[in-house]
Amino acid sequence: MDATDRKIIAILQKEGRISATELADRVGLSLSPCHRRLRTLEETGVITDYRATVDPLKLGIGFSAIVYATLREASKDSVSAFEAALLKVPEIVQAQRLFGEPDYMLHVVAKDLAAFQRLYDKSLLGLPHVMRLNSTLVMKNVIPSRPFPI
């Protein structure tokens, strides 16, 4: 990966809907070489997806919490079962496995506190191999999402 590839990635992180022609102009390439580089970045998994960033409030999602999960044991089977179960809960919008305790940090969204409580009681408490859940409410989203530094 060279400086031109990094420039392509930096632009696409901020402007995912930019046309290939505009992208080529901005990185100083003709269309064909730019398109080849872009295709290579996609095929090698450097660029993994394209998506729209949405305002959760406009979707009726006004509540978010960070839920820390500690598993009873960290065996291969329990970790696999827990992670597979996470994928079935669409309100978990981000999940990260951590070193030490707790084992996982889950970013969970819901319409409001009552909806979160129902989700917590119905889905989160039933996740396999969980020993303990601790939650903290998100007061404000200071940096909701930003591009990776290139």
# chains A, B, ... in the order shown; residues from 1 in each chain; ligands from 1
$ residues_around --residues "Arg37 (chain A)" --least-positions-apart "6" --cutoff "12 Å" --atoms "only C-alpha atoms" --output "NGL selection string"
:A and (1-9 or 20 or 23-24 or 27 or 29-31 or 43-44 or 46-47)
$ write_last_selection --atoms "all heavy atoms" --output "short mmCIF file (atom, residue, chain, number, x, y, z; two decimals), in the first residue's frame"
data_model
loop_
_atom_site.label_atom_id
_atom_site.label_comp_id
_atom_site.auth_asym_id
_atom_site.auth_seq_id
_atom_site.Cartn_x
_atom_site.Cartn_y
_atom_site.Cartn_z
N MET A 1 0.85 -1.17 0.00
CA MET A 1 0.00 0.00 0.00
C MET A 1 0.90 1.24 0.00
O MET A 1 1.77 1.37 0.86
CB MET A 1 -0.90 0.00 1.23
CG MET A 1 -1.90 1.11 1.22
SD MET A 1 -3.03 1.15 2.63
CE MET A 1 -3.49 -0.52 2.82
N ASP A 2 0.66 2.12 -0.94
CA ASP A 2 1.48 3.31 -1.03
C ASP A 2 0.66 4.55 -0.66
O ASP A 2 -0.49 4.46 -0.22
CB ASP A 2 2.09 3.44 -2.44
CG ASP A 2 1.05 3.60 -3.54
OD1 ASP A 2 -0.14 3.84 -3.23
OD2 ASP A 2 1.42 3.51 -4.72
N ALA A 3 1.27 5.71 -0.85
CA ALA A 3 0.63 6.97 -0.46
C ALA A 3 -0.66 7.21 -1.24
O ALA A 3 -1.64 7.76 -0.69
CB ALA A 3 1.60 8.13 -0.66
N THR A 4 -0.71 6.80 -2.50
CA THR A 4 -1.92 6.99 -3.30
C THR A 4 -3.06 6.12 -2.77
O THR A 4 -4.20 6.60 -2.66
CB THR A 4 -1.64 6.68 -4.79
OG1 THR A 4 -0.58 7.53 -5.24
CG2 THR A 4 -2.87 6.90 -5.64
N ASP A 5 -2.76 4.88 -2.42
CA ASP A 5 -3.78 4.01 -1.83
C ASP A 5 -4.30 4.61 -0.53
O ASP A 5 -5.50 4.62 -0.27
CB ASP A 5 -3.22 2.61 -1.55
CG ASP A 5 -2.96 1.82 -2.81
OD1 ASP A 5 -3.63 2.06 -3.83
OD2 ASP A 5 -2.07 0.95 -2.77
N ARG A 6 -3.40 5.12 0.27
CA ARG A 6 -3.82 5.74 1.54
C ARG A 6 -4.69 6.96 1.30
O ARG A 6 -5.64 7.20 2.03
CB ARG A 6 -2.59 6.10 2.38
CG ARG A 6 -1.86 4.89 2.91
CD ARG A 6 -0.66 5.29 3.78
NE ARG A 6 0.08 4.13 4.20
CZ ARG A 6 -0.27 3.29 5.16
NH1 ARG A 6 -1.39 3.48 5.81
NH2 ARG A 6 0.47 2.26 5.48
N LYS A 7 -4.37 7.72 0.27
CA LYS A 7 -5.18 8.89 -0.06
C LYS A 7 -6.58 8.46 -0.51
O LYS A 7 -7.58 9.07 -0.12
CB LYS A 7 -4.48 9.71 -1.15
CG LYS A 7 -5.00 11.11 -1.30
CD LYS A 7 -4.08 11.92 -2.21
CE LYS A 7 -4.55 13.35 -2.30
NZ LYS A 7 -3.71 14.14 -3.20
N ILE A 8 -6.66 7.42 -1.32
CA ILE A 8 -7.96 6.88 -1.75
C ILE A 8 -8.78 6.48 -0.53
O ILE A 8 -9.96 6.83 -0.41
CB ILE A 8 -7.76 5.67 -2.71
CG1 ILE A 8 -7.23 6.15 -4.06
CG2 ILE A 8 -9.07 4.89 -2.88
CD1 ILE A 8 -6.77 5.03 -4.98
N ILE A 9 -8.17 5.76 0.40
CA ILE A 9 -8.87 5.30 1.60
C ILE A 9 -9.33 6.49 2.45
O ILE A 9 -10.47 6.52 2.91
CB ILE A 9 -7.96 4.36 2.43
CG1 ILE A 9 -7.70 3.06 1.64
CG2 ILE A 9 -8.59 4.05 3.78
CD1 ILE A 9 -6.55 2.25 2.19
N ALA A 20 -16.17 7.73 -9.05
CA ALA A 20 -14.83 7.24 -9.39
C ALA A 20 -14.04 8.31 -10.13
O ALA A 20 -12.83 8.47 -9.93
CB ALA A 20 -14.93 5.97 -10.23
N LEU A 23 -12.91 10.85 -7.55
CA LEU A 23 -11.86 10.22 -6.74
C LEU A 23 -10.54 10.23 -7.50
O LEU A 23 -9.50 10.61 -6.95
CB LEU A 23 -12.26 8.80 -6.35
CG LEU A 23 -11.27 8.02 -5.50
CD1 LEU A 23 -11.04 8.69 -4.16
CD2 LEU A 23 -11.78 6.58 -5.30
N ALA A 24 -10.57 9.83 -8.76
CA ALA A 24 -9.37 9.82 -9.59
C ALA A 24 -8.75 11.21 -9.69
O ALA A 24 -7.53 11.37 -9.54
CB ALA A 24 -9.69 9.27 -10.98
N VAL A 27 -7.01 12.20 -6.35
CA VAL A 27 -5.76 11.52 -6.02
C VAL A 27 -4.71 11.67 -7.12
O VAL A 27 -3.59 11.17 -6.97
CB VAL A 27 -5.97 10.03 -5.66
CG1 VAL A 27 -6.83 9.89 -4.43
CG2 VAL A 27 -6.51 9.23 -6.82
N LEU A 29 -4.87 10.61 -10.44
CA LEU A 29 -4.75 9.47 -11.36
C LEU A 29 -5.80 9.59 -12.46
O LEU A 29 -6.81 10.26 -12.29
CB LEU A 29 -4.98 8.15 -10.62
CG LEU A 29 -3.97 7.70 -9.59
CD1 LEU A 29 -4.47 6.45 -8.88
CD2 LEU A 29 -2.61 7.44 -10.23
N SER A 30 -5.58 8.88 -13.55
CA SER A 30 -6.65 8.76 -14.53
C SER A 30 -7.64 7.73 -14.00
O SER A 30 -7.36 6.99 -13.05
CB SER A 30 -6.09 8.37 -15.90
OG SER A 30 -5.48 7.12 -15.84
N LEU A 31 -8.79 7.65 -14.63
CA LEU A 31 -9.88 6.81 -14.12
C LEU A 31 -9.50 5.32 -14.02
O LEU A 31 -9.75 4.69 -13.01
CB LEU A 31 -11.13 7.00 -14.98
CG LEU A 31 -12.38 6.27 -14.53
CD1 LEU A 31 -12.75 6.67 -13.11
CD2 LEU A 31 -13.53 6.56 -15.48
N GLU A 43 -10.80 -6.08 -3.00
CA GLU A 43 -10.54 -7.52 -3.10
C GLU A 43 -9.60 -8.02 -2.00
O GLU A 43 -9.71 -9.17 -1.58
CB GLU A 43 -9.97 -7.86 -4.48
CG GLU A 43 -10.99 -7.74 -5.59
CD GLU A 43 -10.38 -7.85 -6.98
OE1 GLU A 43 -9.14 -7.91 -7.12
OE2 GLU A 43 -11.18 -7.87 -7.95
N THR A 44 -8.68 -7.19 -1.56
CA THR A 44 -7.75 -7.61 -0.51
C THR A 44 -8.32 -7.38 0.89
O THR A 44 -7.66 -7.69 1.88
CB THR A 44 -6.40 -6.87 -0.63
OG1 THR A 44 -6.62 -5.46 -0.57
CG2 THR A 44 -5.69 -7.24 -1.93
N VAL A 46 -9.01 -4.50 2.38
CA VAL A 46 -8.69 -3.24 3.04
C VAL A 46 -9.97 -2.42 3.17
O VAL A 46 -10.28 -1.91 4.23
CB VAL A 46 -7.60 -2.46 2.26
CG1 VAL A 46 -7.37 -1.09 2.87
CG2 VAL A 46 -6.30 -3.26 2.23
N ILE A 47 -10.71 -2.31 2.08
CA ILE A 47 -12.03 -1.69 2.11
C ILE A 47 -13.03 -2.83 2.23
O ILE A 47 -13.09 -3.71 1.37
CB ILE A 47 -12.31 -0.85 0.84
CG1 ILE A 47 -11.33 0.32 0.77
CG2 ILE A 47 -13.76 -0.37 0.81
CD1 ILE A 47 -11.42 1.12 -0.51
#
$ residues_around --residues "Val67 (chain A)" --least-positions-apart "5" --cutoff "9 Å" --atoms "only C-alpha atoms" --output "short mmCIF file (atom, residue, chain, number, x, y, z; two decimals) with N, CA and C atoms, in the first residue's frame"
data_model
loop_
_atom_site.label_atom_id
_atom_site.label_comp_id
_atom_site.auth_asym_id
_atom_site.auth_seq_id
_atom_site.Cartn_x
_atom_site.Cartn_y
_atom_site.Cartn_z
N TYR A 104 -16.28 -8.58 27.43
CA TYR A 104 -16.85 -7.93 26.25
C TYR A 104 -17.41 -6.56 26.60
N MET A 105 -17.37 -5.66 25.61
CA MET A 105 -18.04 -4.37 25.71
C MET A 105 -19.02 -4.30 24.54
N LEU A 106 -20.29 -4.12 24.87
CA LEU A 106 -21.35 -4.09 23.87
C LEU A 106 -21.97 -2.70 23.84
N HIS A 107 -22.11 -2.15 22.65
CA HIS A 107 -22.83 -0.88 22.50
C HIS A 107 -24.24 -1.26 22.04
N VAL A 108 -25.20 -0.93 22.89
CA VAL A 108 -26.59 -1.35 22.67
C VAL A 108 -27.45 -0.11 22.50
N LEU A 133 -23.48 -9.04 33.86
CA LEU A 133 -23.63 -7.89 32.97
C LEU A 133 -23.62 -6.62 33.81
N ASN A 134 -22.89 -5.63 33.35
CA ASN A 134 -22.90 -4.31 33.97
C ASN A 134 -23.17 -3.30 32.87
N SER A 135 -24.06 -2.37 33.15
CA SER A 135 -24.44 -1.39 32.14
C SER A 135 -24.14 0.02 32.60
N THR A 136 -23.83 0.85 31.65
CA THR A 136 -23.73 2.27 31.90
C THR A 136 -24.43 2.99 30.76
N LEU A 137 -25.14 4.04 31.06
CA LEU A 137 -25.91 4.76 30.06
C LEU A 137 -25.03 5.79 29.37
#
$ residues_around --residues "Val130 (chain A)" --least-positions-apart "3" --cutoff "12 Å" --atoms "only C-alpha atoms" --output "count of residues only"
24
$ select_by_dssp --residues "region 15-144 of chain A" --states "alpha helix (DSSP H)" --output "JSON, numbers by chain"
{"A": [20, 21, 22, 23, 24, 25, 26, 27, 31, 32, 33, 34, 35, 36, 37, 38, 39, 40, 41, 42, 43, 76, 77, 78, 79, 80, 81, 82, 83, 84, 85, 86, 113, 114, 115, 116, 117, 118, 119]}
$ residues_around --residues "region 58-64 of chain A" --least-positions-apart "5" --cutoff "10 Å" --atoms "only C-alpha atoms" --output "count of residues only"
19
$ residues_around --residues "Arg51 (chain A)" --least-positions-apart "2" --cutoff "12 Å" --atoms "only C-alpha atoms" --output "tab-separated table (two decimals) with C-alpha atoms, in the first residue's frame"
chain	number	residue	atom	x	y	z
A	12	LEU	CA	-13.55	7.26	0.82
A	13	GLN	CA	-13.79	7.15	4.61
A	14	LYS	CA	-15.12	10.71	4.53
A	15	GLU	CA	-16.98	10.63	1.22
A	16	GLY	CA	-18.09	7.09	0.43
A	17	ARG	CA	-20.42	8.19	-2.37
A	47	ILE	CA	-12.03	-1.69	2.11
A	48	THR	CA	-14.66	-3.97	3.60
A	49	ASP	CA	-17.97	-2.16	3.10
A	53	THR	CA	-24.29	7.01	8.26
A	54	VAL	CA	-27.68	7.76	9.77
$ decode --residues "region 87-127 of chain A" --atoms "N, CA and C atoms" --output "short mmCIF file (atom, residue, chain, number, x, y, z; two decimals), in the first residue's frame"
data_model
loop_
_atom_site.label_atom_id
_atom_site.label_comp_id
_atom_site.auth_asym_id
_atom_site.auth_seq_id
_atom_site.Cartn_x
_atom_site.Cartn_y
_atom_site.Cartn_z
N LEU A 87 -24.71 -11.86 17.48
CA LEU A 87 -25.09 -11.54 16.10
C LEU A 87 -26.60 -11.57 15.88
N LYS A 88 -27.32 -12.24 16.76
CA LYS A 88 -28.77 -12.36 16.63
C LYS A 88 -29.53 -11.22 17.30
N VAL A 89 -28.82 -10.29 17.93
CA VAL A 89 -29.46 -9.17 18.63
C VAL A 89 -29.14 -7.89 17.85
N PRO A 90 -30.05 -7.43 17.00
CA PRO A 90 -29.74 -6.28 16.14
C PRO A 90 -29.50 -4.98 16.91
N GLU A 91 -29.99 -4.89 18.12
CA GLU A 91 -29.79 -3.68 18.91
C GLU A 91 -28.35 -3.55 19.42
N ILE A 92 -27.58 -4.62 19.32
CA ILE A 92 -26.15 -4.55 19.65
C ILE A 92 -25.46 -4.07 18.37
N VAL A 93 -25.09 -2.80 18.35
CA VAL A 93 -24.53 -2.22 17.13
C VAL A 93 -23.01 -2.29 17.07
N GLN A 94 -22.39 -2.62 18.20
CA GLN A 94 -20.95 -2.83 18.22
C GLN A 94 -20.63 -3.75 19.39
N ALA A 95 -19.73 -4.68 19.17
CA ALA A 95 -19.32 -5.59 20.23
C ALA A 95 -17.82 -5.81 20.11
N GLN A 96 -17.15 -5.69 21.24
CA GLN A 96 -15.71 -5.86 21.24
C GLN A 96 -15.30 -6.81 22.36
N ARG A 97 -14.44 -7.76 22.00
CA ARG A 97 -13.88 -8.66 23.00
C ARG A 97 -12.68 -7.96 23.62
N LEU A 98 -12.56 -8.00 24.93
CA LEU A 98 -11.53 -7.27 25.65
C LEU A 98 -10.55 -8.23 26.32
N PHE A 99 -9.35 -7.74 26.61
CA PHE A 99 -8.42 -8.48 27.46
C PHE A 99 -8.82 -8.24 28.90
N GLY A 100 -8.69 -9.23 29.74
CA GLY A 100 -9.01 -9.07 31.15
C GLY A 100 -10.49 -9.04 31.39
N GLU A 101 -10.87 -8.44 32.51
CA GLU A 101 -12.31 -8.34 32.83
C GLU A 101 -12.76 -6.92 32.64
N PRO A 102 -13.93 -6.71 32.13
CA PRO A 102 -14.88 -7.70 31.63
C PRO A 102 -14.39 -8.29 30.31
N ASP A 103 -15.09 -9.31 29.85
CA ASP A 103 -14.69 -9.99 28.63
C ASP A 103 -15.14 -9.26 27.36
N TYR A 104 -16.28 -8.58 27.43
CA TYR A 104 -16.85 -7.93 26.25
C TYR A 104 -17.41 -6.56 26.60
N MET A 105 -17.37 -5.66 25.61
CA MET A 105 -18.04 -4.37 25.71
C MET A 105 -19.02 -4.30 24.54
N LEU A 106 -20.29 -4.12 24.87
CA LEU A 106 -21.35 -4.09 23.87
C LEU A 106 -21.97 -2.70 23.84
N HIS A 107 -22.11 -2.15 22.65
CA HIS A 107 -22.83 -0.88 22.50
C HIS A 107 -24.24 -1.26 22.04
N VAL A 108 -25.20 -0.93 22.89
CA VAL A 108 -26.59 -1.35 22.67
C VAL A 108 -27.45 -0.11 22.50
N VAL A 109 -28.33 -0.12 21.49
CA VAL A 109 -29.23 1.01 21.27
C VAL A 109 -30.67 0.55 21.39
N ALA A 110 -31.55 1.50 21.74
CA ALA A 110 -32.97 1.21 21.87
C ALA A 110 -33.75 2.51 21.70
N LYS A 111 -35.05 2.38 21.57
CA LYS A 111 -35.91 3.55 21.43
C LYS A 111 -35.82 4.45 22.66
N ASP A 112 -35.90 3.84 23.84
CA ASP A 112 -35.89 4.59 25.09
C ASP A 112 -35.50 3.65 26.22
N LEU A 113 -35.51 4.16 27.44
CA LEU A 113 -35.10 3.35 28.60
C LEU A 113 -35.99 2.12 28.77
N ALA A 114 -37.29 2.28 28.60
CA ALA A 114 -38.21 1.15 28.75
C ALA A 114 -37.91 0.05 27.72
N ALA A 115 -37.62 0.46 26.50
CA ALA A 115 -37.29 -0.51 25.45
C ALA A 115 -35.97 -1.21 25.77
N PHE A 116 -35.01 -0.46 26.31
CA PHE A 116 -33.75 -1.06 26.71
C PHE A 116 -33.97 -2.07 27.82
N GLN A 117 -34.81 -1.74 28.78
CA GLN A 117 -35.07 -2.67 29.88
C GLN A 117 -35.68 -3.96 29.37
N ARG A 118 -36.63 -3.85 28.43
CA ARG A 118 -37.23 -5.07 27.85
C ARG A 118 -36.18 -5.88 27.11
N LEU A 119 -35.34 -5.22 26.34
CA LEU A 119 -34.27 -5.91 25.61
C LEU A 119 -33.30 -6.57 26.59
N TYR A 120 -32.95 -5.86 27.64
CA TYR A 120 -32.03 -6.39 28.65
C TYR A 120 -32.60 -7.66 29.28
N ASP A 121 -33.89 -7.57 29.70
CA ASP A 121 -34.53 -8.71 30.36
C ASP A 121 -34.76 -9.87 29.41
N LYS A 122 -35.16 -9.56 28.18
CA LYS A 122 -35.53 -10.60 27.22
C LYS A 122 -34.33 -11.23 26.51
N SER A 123 -33.37 -10.39 26.10
CA SER A 123 -32.29 -10.89 25.25
C SER A 123 -30.92 -10.93 25.93
N LEU A 124 -30.55 -9.82 26.55
CA LEU A 124 -29.18 -9.75 27.07
C LEU A 124 -28.95 -10.70 28.24
N LEU A 125 -29.91 -10.78 29.15
CA LEU A 125 -29.76 -11.70 30.28
C LEU A 125 -29.73 -13.16 29.85
N GLY A 126 -30.28 -13.44 28.67
CA GLY A 126 -30.31 -14.81 28.17
C GLY A 126 -29.12 -15.19 27.30
N LEU A 127 -28.18 -14.29 27.13
CA LEU A 127 -27.00 -14.64 26.33
C LEU A 127 -26.25 -15.80 26.99
#
